[in-house]
>>> print(open('upload.txt').read())   # compact mmCIF, N, CA and C atoms
# COMPACT_ATOMS: atom_id res chain seq x y z
N MET M 1 -12.52 -3.68 -19.28
CA MET M 1 -12.07 -3.92 -17.93
C MET M 1 -13.29 -4.04 -17.02
N ALA M 2 -13.30 -5.05 -16.20
CA ALA M 2 -14.44 -5.29 -15.32
C ALA M 2 -14.47 -4.27 -14.19
N GLU M 3 -15.66 -3.86 -13.85
CA GLU M 3 -15.84 -2.94 -12.72
C GLU M 3 -15.90 -3.76 -11.44
N TRP M 4 -15.10 -3.41 -10.48
CA TRP M 4 -15.08 -4.12 -9.21
C TRP M 4 -15.92 -3.34 -8.22
N LYS M 5 -16.87 -4.03 -7.63
CA LYS M 5 -17.76 -3.39 -6.66
C LYS M 5 -17.39 -3.73 -5.23
N THR M 6 -16.66 -4.81 -5.03
CA THR M 6 -16.35 -5.25 -3.68
C THR M 6 -14.96 -5.88 -3.65
N ILE M 7 -14.33 -5.85 -2.51
CA ILE M 7 -13.03 -6.48 -2.36
C ILE M 7 -13.16 -7.82 -1.65
N LEU M 8 -14.37 -8.17 -1.26
CA LEU M 8 -14.60 -9.44 -0.57
C LEU M 8 -14.77 -10.54 -1.61
N PRO M 9 -14.64 -11.81 -1.22
CA PRO M 9 -14.76 -12.92 -2.17
C PRO M 9 -16.13 -12.96 -2.84
N ASP M 10 -16.18 -13.58 -4.03
CA ASP M 10 -17.43 -13.67 -4.78
C ASP M 10 -18.47 -14.53 -4.08
N ASP M 11 -18.03 -15.50 -3.32
CA ASP M 11 -18.98 -16.40 -2.67
C ASP M 11 -19.51 -15.83 -1.35
N GLN M 12 -19.38 -14.55 -1.14
CA GLN M 12 -19.83 -13.93 0.11
C GLN M 12 -21.35 -13.87 0.13
N PRO M 13 -21.99 -14.55 1.08
CA PRO M 13 -23.45 -14.54 1.14
C PRO M 13 -24.00 -13.32 1.89
N ILE M 14 -23.14 -12.50 2.44
CA ILE M 14 -23.58 -11.39 3.28
C ILE M 14 -23.64 -10.12 2.45
N SER M 15 -24.78 -9.44 2.48
CA SER M 15 -24.94 -8.22 1.69
C SER M 15 -24.39 -7.02 2.44
N GLU M 16 -24.25 -5.94 1.70
CA GLU M 16 -23.74 -4.71 2.30
C GLU M 16 -24.70 -4.17 3.36
N GLU M 17 -25.99 -4.31 3.12
CA GLU M 17 -26.98 -3.84 4.10
C GLU M 17 -26.86 -4.59 5.43
N VAL M 18 -26.62 -5.89 5.33
CA VAL M 18 -26.46 -6.70 6.55
C VAL M 18 -25.21 -6.27 7.30
N LEU M 19 -24.14 -6.01 6.56
CA LEU M 19 -22.90 -5.57 7.21
C LEU M 19 -23.10 -4.23 7.91
N LEU M 20 -23.84 -3.33 7.27
CA LEU M 20 -24.11 -2.03 7.90
C LEU M 20 -24.99 -2.19 9.14
N ARG M 21 -25.97 -3.10 9.08
CA ARG M 21 -26.81 -3.35 10.27
C ARG M 21 -25.96 -3.94 11.39
N TYR M 22 -25.03 -4.82 11.04
CA TYR M 22 -24.15 -5.39 12.06
C TYR M 22 -23.28 -4.31 12.70
N ALA M 23 -22.76 -3.42 11.88
CA ALA M 23 -21.92 -2.35 12.40
C ALA M 23 -22.71 -1.42 13.30
N ALA M 24 -24.00 -1.23 12.98
CA ALA M 24 -24.86 -0.36 13.78
C ALA M 24 -25.43 -1.09 14.99
N GLY M 25 -25.23 -2.42 15.08
CA GLY M 25 -25.74 -3.19 16.20
C GLY M 25 -27.20 -3.55 16.05
N LYS M 26 -27.73 -3.58 14.83
CA LYS M 26 -29.15 -3.86 14.58
C LYS M 26 -29.36 -5.15 13.81
N ALA M 27 -28.37 -6.00 13.71
CA ALA M 27 -28.49 -7.25 12.96
C ALA M 27 -29.18 -8.31 13.80
N THR M 28 -29.82 -9.26 13.12
CA THR M 28 -30.49 -10.36 13.80
C THR M 28 -29.43 -11.35 14.29
N PRO M 29 -29.79 -12.21 15.24
CA PRO M 29 -28.81 -13.19 15.74
C PRO M 29 -28.25 -14.10 14.63
N GLU M 30 -29.09 -14.47 13.64
CA GLU M 30 -28.61 -15.31 12.53
C GLU M 30 -27.58 -14.55 11.70
N GLU M 31 -27.85 -13.27 11.45
CA GLU M 31 -26.92 -12.46 10.68
C GLU M 31 -25.61 -12.26 11.44
N ILE M 32 -25.73 -12.04 12.74
CA ILE M 32 -24.54 -11.87 13.57
C ILE M 32 -23.69 -13.14 13.52
N HIS M 33 -24.35 -14.30 13.62
CA HIS M 33 -23.62 -15.57 13.59
C HIS M 33 -22.92 -15.76 12.24
N ALA M 34 -23.62 -15.46 11.14
CA ALA M 34 -23.04 -15.63 9.81
C ALA M 34 -21.85 -14.69 9.61
N ILE M 35 -21.98 -13.45 10.08
CA ILE M 35 -20.89 -12.48 9.92
C ILE M 35 -19.69 -12.90 10.77
N GLU M 36 -19.94 -13.30 12.00
CA GLU M 36 -18.83 -13.69 12.88
C GLU M 36 -18.15 -14.97 12.39
N ARG M 37 -18.91 -15.88 11.77
CA ARG M 37 -18.31 -17.08 11.20
C ARG M 37 -17.39 -16.69 10.02
N GLN M 38 -17.85 -15.75 9.21
CA GLN M 38 -17.03 -15.32 8.08
C GLN M 38 -15.81 -14.51 8.57
N MET M 39 -15.98 -13.74 9.65
CA MET M 39 -14.85 -12.99 10.20
C MET M 39 -13.78 -13.95 10.72
N ALA M 40 -14.19 -15.12 11.22
CA ALA M 40 -13.23 -16.10 11.70
C ALA M 40 -12.45 -16.71 10.53
N ASP M 41 -13.10 -16.81 9.36
CA ASP M 41 -12.44 -17.38 8.19
C ASP M 41 -11.58 -16.37 7.45
N LEU M 42 -11.99 -15.11 7.45
CA LEU M 42 -11.29 -14.08 6.68
C LEU M 42 -10.80 -12.96 7.60
N PRO M 43 -9.49 -12.89 7.84
CA PRO M 43 -8.97 -11.81 8.70
C PRO M 43 -9.27 -10.43 8.13
N MET M 44 -9.34 -10.32 6.80
CA MET M 44 -9.66 -9.02 6.19
C MET M 44 -11.08 -8.59 6.53
N MET M 45 -11.98 -9.55 6.61
CA MET M 45 -13.37 -9.25 6.96
C MET M 45 -13.43 -8.70 8.39
N GLU M 46 -12.64 -9.27 9.27
CA GLU M 46 -12.61 -8.80 10.65
C GLU M 46 -12.09 -7.36 10.72
N ASP M 47 -11.05 -7.07 9.96
CA ASP M 47 -10.52 -5.71 9.92
C ASP M 47 -11.54 -4.74 9.34
N ALA M 48 -12.25 -5.17 8.31
CA ALA M 48 -13.27 -4.30 7.69
C ALA M 48 -14.39 -4.00 8.67
N MET M 49 -14.83 -5.00 9.41
CA MET M 49 -15.91 -4.78 10.38
C MET M 49 -15.44 -3.88 11.53
N GLU M 50 -14.21 -4.03 11.93
CA GLU M 50 -13.66 -3.17 12.97
C GLU M 50 -13.65 -1.71 12.50
N GLY M 51 -13.26 -1.51 11.23
CA GLY M 51 -13.26 -0.15 10.67
C GLY M 51 -14.67 0.41 10.58
N LEU M 52 -15.63 -0.42 10.18
CA LEU M 52 -17.03 0.05 10.10
C LEU M 52 -17.55 0.45 11.47
N GLN M 53 -17.22 -0.34 12.48
CA GLN M 53 -17.70 -0.03 13.82
C GLN M 53 -17.07 1.24 14.38
N GLU M 54 -15.83 1.52 13.96
CA GLU M 54 -15.18 2.75 14.41
C GLU M 54 -15.82 3.98 13.78
N LEU M 55 -16.30 3.84 12.55
CA LEU M 55 -16.92 4.98 11.88
C LEU M 55 -18.23 5.37 12.54
N GLY M 56 -18.93 4.41 13.08
CA GLY M 56 -20.14 4.75 13.80
C GLY M 56 -21.40 4.66 12.95
N ASN M 57 -22.07 5.80 12.74
CA ASN M 57 -23.37 5.78 12.10
C ASN M 57 -23.28 5.50 10.60
N THR M 58 -24.42 5.14 10.02
CA THR M 58 -24.51 4.74 8.63
C THR M 58 -24.19 5.89 7.69
N GLN M 59 -24.54 7.11 8.06
CA GLN M 59 -24.29 8.27 7.20
C GLN M 59 -22.78 8.45 6.98
N ARG M 60 -22.02 8.34 8.05
CA ARG M 60 -20.56 8.50 7.93
C ARG M 60 -19.95 7.38 7.11
N ILE M 61 -20.49 6.18 7.26
CA ILE M 61 -19.97 5.05 6.50
C ILE M 61 -20.23 5.26 5.01
N GLN M 62 -21.47 5.65 4.68
CA GLN M 62 -21.82 5.87 3.27
C GLN M 62 -20.98 6.99 2.66
N SER M 63 -20.78 8.08 3.40
CA SER M 63 -19.98 9.18 2.87
C SER M 63 -18.52 8.76 2.69
N ALA M 64 -18.00 7.96 3.60
CA ALA M 64 -16.62 7.48 3.48
C ALA M 64 -16.48 6.56 2.27
N VAL M 65 -17.46 5.69 2.06
CA VAL M 65 -17.43 4.79 0.92
C VAL M 65 -17.50 5.57 -0.39
N GLN M 66 -18.37 6.56 -0.46
CA GLN M 66 -18.48 7.36 -1.67
C GLN M 66 -17.20 8.14 -1.93
N GLU M 67 -16.61 8.69 -0.89
CA GLU M 67 -15.36 9.43 -1.06
C GLU M 67 -14.23 8.52 -1.54
N LEU M 68 -14.12 7.34 -0.95
CA LEU M 68 -13.09 6.40 -1.38
C LEU M 68 -13.29 5.94 -2.82
N ASN M 69 -14.55 5.67 -3.18
CA ASN M 69 -14.83 5.25 -4.56
C ASN M 69 -14.50 6.35 -5.55
N ALA M 70 -14.85 7.59 -5.22
CA ALA M 70 -14.56 8.72 -6.12
C ALA M 70 -13.06 8.91 -6.27
N ARG M 71 -12.33 8.82 -5.17
CA ARG M 71 -10.88 8.98 -5.23
C ARG M 71 -10.23 7.84 -6.01
N LEU M 72 -10.73 6.62 -5.82
CA LEU M 72 -10.20 5.47 -6.54
C LEU M 72 -10.46 5.58 -8.03
N GLN M 73 -11.67 6.00 -8.40
CA GLN M 73 -11.98 6.18 -9.82
C GLN M 73 -11.12 7.27 -10.44
N TYR M 74 -10.91 8.35 -9.73
CA TYR M 74 -10.08 9.44 -10.24
C TYR M 74 -8.64 8.96 -10.44
N ASP M 75 -8.11 8.24 -9.45
CA ASP M 75 -6.72 7.78 -9.53
C ASP M 75 -6.52 6.76 -10.64
N THR M 76 -7.53 5.92 -10.89
CA THR M 76 -7.37 4.91 -11.93
C THR M 76 -7.64 5.45 -13.32
N ARG M 77 -8.35 6.52 -13.45
CA ARG M 77 -8.66 7.08 -14.77
C ARG M 77 -7.61 8.06 -15.26
N THR M 78 -6.95 8.75 -14.37
CA THR M 78 -5.96 9.73 -14.81
C THR M 78 -4.68 9.00 -15.18
N LYS M 79 -4.13 9.38 -16.30
CA LYS M 79 -2.87 8.80 -16.77
C LYS M 79 -1.73 9.63 -16.21
N LYS M 80 -0.78 8.94 -15.66
CA LYS M 80 0.38 9.63 -15.12
C LYS M 80 1.52 9.53 -16.12
N ALA M 81 2.22 10.61 -16.29
CA ALA M 81 3.35 10.63 -17.23
C ALA M 81 4.47 9.76 -16.68
N PRO M 82 5.11 9.00 -17.54
CA PRO M 82 6.22 8.17 -17.06
C PRO M 82 7.38 9.04 -16.59
N ARG M 83 8.04 8.56 -15.58
CA ARG M 83 9.18 9.31 -15.05
C ARG M 83 10.35 9.20 -15.99
N THR M 84 11.02 10.31 -16.18
CA THR M 84 12.20 10.31 -17.03
C THR M 84 13.43 10.49 -16.16
N LYS M 85 14.50 9.88 -16.61
CA LYS M 85 15.75 10.00 -15.86
C LYS M 85 16.41 11.33 -16.22
N LYS M 86 16.91 11.98 -15.21
CA LYS M 86 17.62 13.24 -15.44
C LYS M 86 19.05 12.93 -15.85
N PRO M 87 19.54 13.59 -16.87
CA PRO M 87 20.92 13.33 -17.27
C PRO M 87 21.89 13.89 -16.23
N ILE M 88 23.01 13.23 -16.10
CA ILE M 88 24.03 13.69 -15.16
C ILE M 88 24.73 14.89 -15.77
N GLN M 89 24.73 15.97 -15.03
CA GLN M 89 25.38 17.18 -15.51
C GLN M 89 26.77 17.28 -14.89
N ASN M 90 27.67 17.91 -15.63
CA ASN M 90 29.04 18.10 -15.17
C ASN M 90 29.68 16.78 -14.79
N GLU M 91 29.62 15.81 -15.67
CA GLU M 91 30.17 14.51 -15.33
C GLU M 91 31.70 14.50 -15.37
N GLY M 92 32.30 15.58 -15.84
CA GLY M 92 33.75 15.66 -15.86
C GLY M 92 34.35 15.60 -14.47
N TRP M 93 33.76 16.33 -13.51
CA TRP M 93 34.31 16.32 -12.15
C TRP M 93 34.05 14.98 -11.48
N ILE M 94 33.00 14.26 -11.88
CA ILE M 94 32.73 12.94 -11.31
C ILE M 94 33.82 11.96 -11.76
N ILE M 95 34.17 12.03 -13.04
CA ILE M 95 35.22 11.15 -13.55
C ILE M 95 36.55 11.46 -12.87
N GLN M 96 36.84 12.75 -12.69
CA GLN M 96 38.09 13.14 -12.02
C GLN M 96 38.11 12.62 -10.58
N ALA M 97 36.99 12.73 -9.88
CA ALA M 97 36.92 12.26 -8.50
C ALA M 97 37.13 10.75 -8.43
N VAL M 98 36.56 10.01 -9.36
CA VAL M 98 36.72 8.55 -9.36
C VAL M 98 38.16 8.17 -9.64
N VAL M 99 38.79 8.85 -10.59
CA VAL M 99 40.19 8.56 -10.91
C VAL M 99 41.08 8.87 -9.71
N ILE M 100 40.85 9.99 -9.05
CA ILE M 100 41.65 10.36 -7.87
C ILE M 100 41.47 9.32 -6.75
N LEU M 101 40.22 8.88 -6.53
CA LEU M 101 39.98 7.87 -5.50
C LEU M 101 40.67 6.55 -5.84
N LEU M 102 40.64 6.18 -7.10
CA LEU M 102 41.33 4.95 -7.50
C LEU M 102 42.84 5.07 -7.29
N LEU M 103 43.41 6.22 -7.68
CA LEU M 103 44.85 6.41 -7.48
C LEU M 103 45.22 6.41 -6.00
N LEU M 104 44.41 7.06 -5.18
CA LEU M 104 44.67 7.06 -3.73
C LEU M 104 44.56 5.65 -3.15
N SER M 105 43.60 4.87 -3.62
CA SER M 105 43.45 3.50 -3.14
C SER M 105 44.65 2.66 -3.53
N ILE M 106 45.12 2.81 -4.77
CA ILE M 106 46.30 2.06 -5.21
C ILE M 106 47.53 2.48 -4.41
N LEU M 107 47.70 3.78 -4.19
CA LEU M 107 48.82 4.28 -3.41
C LEU M 107 48.77 3.75 -1.97
N ALA M 108 47.59 3.76 -1.36
CA ALA M 108 47.45 3.26 0.00
C ALA M 108 47.77 1.78 0.06
N TYR M 109 47.30 1.02 -0.92
CA TYR M 109 47.61 -0.40 -0.95
C TYR M 109 49.11 -0.62 -1.08
N TRP M 110 49.75 0.12 -1.95
CA TRP M 110 51.19 -0.02 -2.16
C TRP M 110 51.97 0.32 -0.89
N VAL M 111 51.58 1.42 -0.20
CA VAL M 111 52.27 1.82 1.03
C VAL M 111 52.09 0.77 2.11
N ILE M 112 50.91 0.29 2.28
CA ILE M 112 50.65 -0.73 3.31
C ILE M 112 51.38 -2.02 2.96
N HIS M 113 51.38 -2.40 1.70
CA HIS M 113 52.03 -3.64 1.27
C HIS M 113 53.54 -3.57 1.48
N THR M 114 54.17 -2.44 1.13
CA THR M 114 55.61 -2.32 1.32
C THR M 114 55.98 -2.16 2.78
N TYR M 115 55.12 -1.57 3.59
CA TYR M 115 55.38 -1.41 5.02
C TYR M 115 55.42 -2.76 5.72
N TYR M 116 54.50 -3.65 5.37
CA TYR M 116 54.44 -4.94 6.02
C TYR M 116 55.50 -5.92 5.50
N LYS M 117 56.11 -5.63 4.35
CA LYS M 117 57.19 -6.48 3.86
C LYS M 117 58.45 -6.31 4.68
N LYS M 118 58.67 -5.14 5.24
CA LYS M 118 59.89 -4.84 5.98
C LYS M 118 59.88 -5.47 7.31
>>> encode(input="upload.txt", output="structure tokens")
Amino acid sequence: MAEWKTILPDDQPISEEVLLRYAAGKATPEEIHAIERQMADLPMMEDAMEGLQELGNTQRIQSAVQELNARLQYDTRTKKAPRTKKPIQNEGWIIQAVVILLLLSILAYWVIHTYYKK
């Protein structure tokens, strides 16, 4: 299974360092232009940059990325047991209730049908 390092497209010319500089407000005008052009093409890129800017400094961003990667690796490596269906217990009363409801429905239909015939 291939290891995925990024969720952005493969043809992305912008490195992670450039994105972090942009989020910190330290990117060059050329880098800013390239990032904003890509944000116009990819709505997900715009959302990602908005999230990076909300986090603030580079330390918090790096710690958030490491935490997310660790949690993702843990979730994908642990095998979860398949869910099993619980058997219906005391199904006798369920069958009785269904039969009673059917009989009441038939009786109600018969009463209404004979009432409207008169």
>>> select_by_dssp(input="upload.txt", residues="range 19-105 of chain M", states="alpha helix (DSSP H)", output="number ranges by chain")
M: 19-24, 29-41, 43-55, 58-77, 91-105
>>> closest_residue(input="upload.txt", among="M:Ile61, M:Leu19, M:Ile94, M:Ala27", to="Glu46 in chain M", atoms="only C-alpha atoms")
M:Leu19
>>> closest_residue(input="upload.txt", among="M:Leu20, M:Val111, M:Val99, M:Leu104", to="Gly51 in chain M", atoms="only C-alpha atoms")
M:Leu20
>>> atom_distance(input="upload.txt", atom1="CA of Ile32 in chain M", atom2="CA of Val65 in chain M")
22.1 Å
>>> atom_distance(input="upload.txt", atom1="CA of Leu42 in chain M", atom2="CA of Gln62 in chain M")
22.8 Å
>>> atom_distance(input="upload.txt", atom1="CA of Leu103 in chain M", atom2="CA of Pro87 in chain M")
26.8 Å
>>> closest_residue(input="upload.txt", among="M:Leu68, M:Val98, M:Ile112, M:Ile14", to="Ala34 in chain M", atoms="all atoms listed in the file")
M:Ile14
